[in-house]
Amino acid sequence: MAKLLYRLGRGAHRHRLPVILLWLLVLVGSGVGAFTLGGETSNSMSIPGQESTTALERIQEKFGTGESASARVVLQAPAGQKLPQHVKTITDLVADESALQGVRSATNPLDPAAPSVNKDLDVGYSTVTYEVKPGEVTDAQRADLLKAVDKARAAGLTVEVGGTAMQETPHVGGPTEAIGVVLALVVLALTYGSLVTAGMNLLSAGIGVGIGTLGITIATGFMDLQSTTPILASMLGLAVGIDYALFIINRYRQELRRGSDVGHAVATAVGTAGSAVVTAGLTVVIALVGLAIAGIPFLTQMGVSAAATIVVAVLIAITLVPAVLSLLGRRVLTRKERGAASAEPKDRGVITGWAGAITRNRLVALLLSVVALGIVSIPVASMDTTLIQQPPAGSTQERANQILAKGFGEGFNGPIIVLVEGDGAAAIAGKAAEPISKLSDVALVTPPQPSQDGGSAMVTVIPKSGPDSTETEQLVADLRAELSDLDGGKAYVTGATAVSVDVATSLDRALPIYLAVVVGLALVLLVLVFRSLLVPVVGVLGFLLTIGSSLGATVAVFQWGWLADAVNLDGTGPLISLTPILVIGILFGLAMDYQIFLVSRMHEAHHRGARPIEAITTGFRQAAPVVVAAALIMFSVFAGFVPAGEPTVKSIAFALAVGIFVDAFVVRMVLVPAALALIGERAWWLPKWLRWLPELDVEGTALDEIEKKDQQEPVTV
């Protein structure tokens, strides 16, 4: 692989202008395609074939409901008054709602045929149904609805608006995300000592993210993609894009300092650091594509989309970055370094001192790091997950939910739908209503609503508890157990809570399998890279501690509320069901990045004859500065999505930020060198029966012969 990438780097140097123009054409073409072919993303999270999803499809077929976006306009009478005292105001409001663009219908809460007011007559709601699916209501339509309710507010009523129509599609890019990018630029400038080089690094990563996210936008024109997909892809693509370019540029600068000409330095950087980039990128791609193990289509789409963005980032790192480096030449160095014959530093002060301290006190360092990360991992045992998302704090959606909960009960915001099918479905559902009402946590069971053909009937069950409570989730299980042997018909349990339970159950089943696959993959990959058994074991155990501390800290903040204000948390509650499996998949790839970049330099030093402790110190001195810079950049990018992040992304971004910090600065910078120092020479031992395994040559040792030849015949244009 090193030889192939060396030739690729040499080709990028020789044909630098065509390479740069080609990538710019791809970017422009992606933009045109996104503008002309792109569609809308979806907020739906369900699993085809699950009971709850099947029931929703049948409800749509039999009752014609369930697919359209709807808003719930909640009305509350002034203290001491009742809603019937405001008949004209409410009637006018419903008329205004019905006249809005895109609205199919609007109900009147005081309609005698189907009233929607509480028993005290002081709280009610109007359901506004749109002609489009959830996620497709425009910002202008939402603004028109909010303007329409202002008249009722002026008349003295308290009016708030909730429902699926009020859910905004999350957008990529914002003030806090921009701060993360600015911090990344600062870290790059300090690392390189050159603003031009830092800007080039960031720009190349931006091109990769642009192509990746525009490609996802094009895909939305042909398939339904979850609204979180482009955000996750851009967040991950930006972080790894910056880091991969950083590793290539850093090695290129090292080669220039050693006296190499520009062409040879470019080719060598791609052949050595590029090998590590390809290997690291491959681990991230496999981990993300491996999310298909869960068998959840929207999760698979998220993983494949993010993986495609990673592939683009790798391709840019090994083609566009060397082409631009060829144009910049020695200007990537500081002015002082340009005038020096050989400016490669031999001692990096703090870094060398750190490596020496860790190797001298290896047992203490190892124990302290393991104990500390173990303590941070403790909250994982209390982790709860759900798909039910709470509206933003202080929003009209939150106030609407609060009024409804006060007027109708906590469970009103999370109704459970029971669909009964069979001959005389309404009668069967009516008989089932009595035992259902006796179940724990049931507040109300509505009369059966039959379909037009009489073969189906719907019953709405209002729980006593809130939609994201464990009691309501248990009620879903109790209902299914109660209705499993329904006399004369078949029953399905659905609704937002039931869908959440089904998705969480599928993820819980898939998580151990996925973790085993990821850990197994890590072992195989690291054995191939380092031709060792103990180094992979240390790396994998460190990865498990990274996962534990990342999810543990996330549970402590998002579920327990510790330091909630620091991350601008709207409210505590269970983690989004996607968080654990996505965090494991993404952190696996990134942790292997650091393991490969750091330990490969140690392995290279050992391969060239250094003794174990010397190899650890040498490799650490060479690789640690760039790993530190890469980790700070990734931390900044992920952390930038936390303060004002979309709810689904917020907890994931926080977990990734914590995971990156822990993995880089504790696991790879303390635990791994301490463990390798303790193991000594045996760290690089490989049994004879495994020596047939292929060599990936991430360090680029196979380039020695090519380098000697190129030193005699410099690579020029």
# chains A, B, ... in the order shown; residues from 1 in each chain; ligands from 1
$ residues_around --residues "region 403-419 of chain A" --least-positions-apart "3" --cutoff "6 Å" --atoms "only C-alpha atoms" --output "list of chain:residue names"
A:Asn118, A:Val123, A:Ala400, A:Ala457, A:Met458, A:Val459, A:Thr460, A:Val461, A:Ile462, A:Pro463, A:Lys464, A:Ser465, A:Gly466, A:Pro467, A:Ala491, A:Tyr492, A:Val493, A:Thr494, A:Gly495
$ write_last_selection --atoms "C-alpha atoms" --output "PDB file, in the first residue's frame"
ATOM      1  CA  ASN A 118     -61.041  18.863  29.323  1.00  0.00           C
ATOM      2  CA  VAL A 123     -58.316  23.773  28.320  1.00  0.00           C
ATOM      3  CA  ALA A 400     -48.383  23.732  24.789  1.00  0.00           C
ATOM      4  CA  ALA A 457     -61.184  -0.211  14.920  1.00  0.00           C
ATOM      5  CA  MET A 458     -58.907   2.139  16.854  1.00  0.00           C
ATOM      6  CA  VAL A 459     -58.812   2.636  20.609  1.00  0.00           C
ATOM      7  CA  THR A 460     -56.757   5.413  22.176  1.00  0.00           C
ATOM      8  CA  VAL A 461     -55.200   4.659  25.564  1.00  0.00           C
ATOM      9  CA  ILE A 462     -54.131   7.678  27.627  1.00  0.00           C
ATOM     10  CA  PRO A 463     -51.439   6.751  30.186  1.00  0.00           C
ATOM     11  CA  LYS A 464     -51.144   8.360  33.599  1.00  0.00           C
ATOM     12  CA  SER A 465     -47.422   8.957  33.101  1.00  0.00           C
ATOM     13  CA  GLY A 466     -45.509  11.093  30.627  1.00  0.00           C
ATOM     14  CA  PRO A 467     -44.481   9.811  27.167  1.00  0.00           C
ATOM     15  CA  ALA A 491     -54.491  -6.290  17.990  1.00  0.00           C
ATOM     16  CA  TYR A 492     -51.534  -4.003  17.317  1.00  0.00           C
ATOM     17  CA  VAL A 493     -50.083  -1.477  19.759  1.00  0.00           C
ATOM     18  CA  THR A 494     -48.596   1.659  18.229  1.00  0.00           C
ATOM     19  CA  GLY A 495     -48.071   5.382  18.784  1.00  0.00           C
TER      20      GLY A 495
END
$ residues_around --residues "Ala95 (chain A)" --least-positions-apart "2" --cutoff "12 Å" --atoms "only C-alpha atoms" --output "MDAnalysis selection string"
chainID A and resid 88:93 97:100 103 105:108 126 128 145 148:149 151:152
$ closest_residue --among "A:Gly271, A:Gly281, A:Gly329, A:Gly349" --to "Leu236 (chain A)" --atoms "only C-alpha atoms"
A:Gly281
$ residues_around --residues "region 206-220 of chain A" --least-positions-apart "6" --cutoff "7 Å" --atoms "only C-alpha atoms" --output "PyMOL selection string"
chain A and resi 27+30-31+33-34+37-41+230+233-234+237-238+241+305+308-309+312-313+316
$ atom_distance --atom1 "CA of Asp593 (chain A)" --atom2 "CA of Leu528 (chain A)"
14.5 Å
$ select_by_dssp --residues "region 214-370 of chain A" --states "alpha helix (DSSP H)" --output "ChimeraX atom specification"
/A:214-219,229-257,262-289,297-315,321-328,335-338,350-360,362-370
$ select_by_dssp --residues "region 15-129 of chain A" --states "strand (DSSP E or B)" --output "list in words"
Ser42, Ser70, Ala71, Arg72, Val73, Val74, Leu75, Gln76, Val103, Arg104, Ser105, Ala106, Val117, Val123, Gly124, Tyr125, Ser126, Thr127, Val128 and Thr129 of chain A
$ write_last_selection --atoms "N, CA and C atoms" --output "PDB file, in the first residue's frame"
ATOM      1  N   SER A  42     -36.497  13.637   6.495  1.00  0.00           N
ATOM      2  CA  SER A  42     -37.641  13.207   7.295  1.00  0.00           C
ATOM      3  C   SER A  42     -37.270  13.170   8.770  1.00  0.00           C
ATOM      4  N   SER A  70     -49.299  17.684  11.411  1.00  0.00           N
ATOM      5  CA  SER A  70     -50.400  18.383  12.083  1.00  0.00           C
ATOM      6  C   SER A  70     -49.853  19.243  13.208  1.00  0.00           C
ATOM      7  N   ALA A  71     -50.562  20.335  13.459  1.00  0.00           N
ATOM      8  CA  ALA A  71     -50.236  21.217  14.579  1.00  0.00           C
ATOM      9  C   ALA A  71     -51.377  21.156  15.577  1.00  0.00           C
ATOM     10  N   ARG A  72     -51.036  21.217  16.834  1.00  0.00           N
ATOM     11  CA  ARG A  72     -52.054  21.223  17.884  1.00  0.00           C
ATOM     12  C   ARG A  72     -52.047  22.606  18.528  1.00  0.00           C
ATOM     13  N   VAL A  73     -53.090  23.374  18.248  1.00  0.00           N
ATOM     14  CA  VAL A  73     -53.220  24.725  18.803  1.00  0.00           C
ATOM     15  C   VAL A  73     -53.940  24.608  20.144  1.00  0.00           C
ATOM     16  N   VAL A  74     -53.210  24.818  21.219  1.00  0.00           N
ATOM     17  CA  VAL A  74     -53.733  24.615  22.573  1.00  0.00           C
ATOM     18  C   VAL A  74     -54.289  25.928  23.109  1.00  0.00           C
ATOM     19  N   LEU A  75     -55.515  25.858  23.647  1.00  0.00           N
ATOM     20  CA  LEU A  75     -56.205  27.043  24.165  1.00  0.00           C
ATOM     21  C   LEU A  75     -56.469  26.884  25.652  1.00  0.00           C
ATOM     22  N   GLN A  76     -56.211  27.942  26.399  1.00  0.00           N
ATOM     23  CA  GLN A  76     -56.497  27.942  27.832  1.00  0.00           C
ATOM     24  C   GLN A  76     -57.239  29.220  28.183  1.00  0.00           C
ATOM     25  N   VAL A 103     -53.041  24.089   4.518  1.00  0.00           N
ATOM     26  CA  VAL A 103     -53.841  23.433   5.561  1.00  0.00           C
ATOM     27  C   VAL A 103     -54.992  22.670   4.926  1.00  0.00           C
ATOM     28  N   ARG A 104     -55.141  21.401   5.303  1.00  0.00           N
ATOM     29  CA  ARG A 104     -56.236  20.582   4.794  1.00  0.00           C
ATOM     30  C   ARG A 104     -57.496  20.761   5.624  1.00  0.00           C
ATOM     31  N   SER A 105     -57.333  20.813   6.935  1.00  0.00           N
ATOM     32  CA  SER A 105     -58.501  20.965   7.814  1.00  0.00           C
ATOM     33  C   SER A 105     -58.065  21.482   9.170  1.00  0.00           C
ATOM     34  N   ALA A 106     -59.033  22.029   9.921  1.00  0.00           N
ATOM     35  CA  ALA A 106     -58.792  22.492  11.292  1.00  0.00           C
ATOM     36  C   ALA A 106     -60.034  22.193  12.108  1.00  0.00           C
ATOM     37  N   VAL A 117     -62.026  19.298  24.651  1.00  0.00           N
ATOM     38  CA  VAL A 117     -61.790  20.119  25.840  1.00  0.00           C
ATOM     39  C   VAL A 117     -61.748  19.210  27.053  1.00  0.00           C
ATOM     40  N   VAL A 123     -59.418  24.099  29.224  1.00  0.00           N
ATOM     41  CA  VAL A 123     -58.316  23.773  28.320  1.00  0.00           C
ATOM     42  C   VAL A 123     -58.859  22.949  27.155  1.00  0.00           C
ATOM     43  N   GLY A 124     -58.481  23.317  25.947  1.00  0.00           N
ATOM     44  CA  GLY A 124     -58.876  22.570  24.758  1.00  0.00           C
ATOM     45  C   GLY A 124     -57.840  22.735  23.673  1.00  0.00           C
ATOM     46  N   TYR A 125     -58.074  22.096  22.538  1.00  0.00           N
ATOM     47  CA  TYR A 125     -57.103  22.201  21.449  1.00  0.00           C
ATOM     48  C   TYR A 125     -57.787  22.038  20.106  1.00  0.00           C
ATOM     49  N   SER A 126     -57.217  22.704  19.122  1.00  0.00           N
ATOM     50  CA  SER A 126     -57.643  22.598  17.732  1.00  0.00           C
ATOM     51  C   SER A 126     -56.544  21.892  16.956  1.00  0.00           C
ATOM     52  N   THR A 127     -56.921  20.860  16.204  1.00  0.00           N
ATOM     53  CA  THR A 127     -55.943  20.120  15.406  1.00  0.00           C
ATOM     54  C   THR A 127     -55.928  20.658  13.986  1.00  0.00           C
ATOM     55  N   VAL A 128     -54.782  21.169  13.563  1.00  0.00           N
ATOM     56  CA  VAL A 128     -54.613  21.730  12.218  1.00  0.00           C
ATOM     57  C   VAL A 128     -53.813  20.723  11.395  1.00  0.00           C
ATOM     58  N   THR A 129     -54.461  20.147  10.385  1.00  0.00           N
ATOM     59  CA  THR A 129     -53.833  19.114   9.563  1.00  0.00           C
ATOM     60  C   THR A 129     -53.364  19.706   8.242  1.00  0.00           C
TER      61      THR A 129
END
$ residues_around --residues "Thr546 (chain A)" --least-positions-apart "4" --cutoff "8 Å" --atoms "only C-alpha atoms" --output "list in words"
Leu373, Gly542, Ser550, Gly659, Val662, Asp663 and Val667 of chain A
$ write_last_selection --atoms "N, CA, C and O atoms" --output "PDB file, in the first residue's frame"
ATOM      1  N   LEU A 373     -10.844   6.350  34.603  1.00  0.00           N
ATOM      2  CA  LEU A 373     -11.817   6.106  33.543  1.00  0.00           C
ATOM      3  C   LEU A 373     -12.902   5.139  33.998  1.00  0.00           C
ATOM      4  O   LEU A 373     -14.060   5.253  33.575  1.00  0.00           O
ATOM      5  N   GLY A 542      -8.214  -0.167  25.844  1.00  0.00           N
ATOM      6  CA  GLY A 542      -8.287   1.284  25.957  1.00  0.00           C
ATOM      7  C   GLY A 542      -9.534   1.835  25.290  1.00  0.00           C
ATOM      8  O   GLY A 542     -10.177   2.754  25.801  1.00  0.00           O
ATOM      9  N   SER A 550     -17.034   7.904  27.934  1.00  0.00           N
ATOM     10  CA  SER A 550     -17.802   8.807  27.075  1.00  0.00           C
ATOM     11  C   SER A 550     -19.293   8.717  27.378  1.00  0.00           C
ATOM     12  O   SER A 550     -19.961   9.736  27.611  1.00  0.00           O
ATOM     13  N   GLY A 659     -15.374  11.640  24.409  1.00  0.00           N
ATOM     14  CA  GLY A 659     -14.646  10.445  23.993  1.00  0.00           C
ATOM     15  C   GLY A 659     -13.315  10.774  23.338  1.00  0.00           C
ATOM     16  O   GLY A 659     -12.302  10.114  23.595  1.00  0.00           O
ATOM     17  N   VAL A 662     -10.860  12.010  26.084  1.00  0.00           N
ATOM     18  CA  VAL A 662     -10.399  10.905  26.930  1.00  0.00           C
ATOM     19  C   VAL A 662      -9.461   9.985  26.153  1.00  0.00           C
ATOM     20  O   VAL A 662      -8.400   9.586  26.644  1.00  0.00           O
ATOM     21  N   ASP A 663      -9.851   9.650  24.918  1.00  0.00           N
ATOM     22  CA  ASP A 663      -9.057   8.686  24.162  1.00  0.00           C
ATOM     23  C   ASP A 663      -7.678   9.240  23.826  1.00  0.00           C
ATOM     24  O   ASP A 663      -6.673   8.529  23.931  1.00  0.00           O
ATOM     25  N   VAL A 667      -6.112   7.743  27.254  1.00  0.00           N
ATOM     26  CA  VAL A 667      -5.850   6.380  26.781  1.00  0.00           C
ATOM     27  C   VAL A 667      -4.576   6.317  25.943  1.00  0.00           C
ATOM     28  O   VAL A 667      -3.657   5.544  26.241  1.00  0.00           O
TER      29      VAL A 667
END
$ atom_distance --atom1 "CA of Arg14 (chain A)" --atom2 "CA of Gly199 (chain A)"
22.9 Å
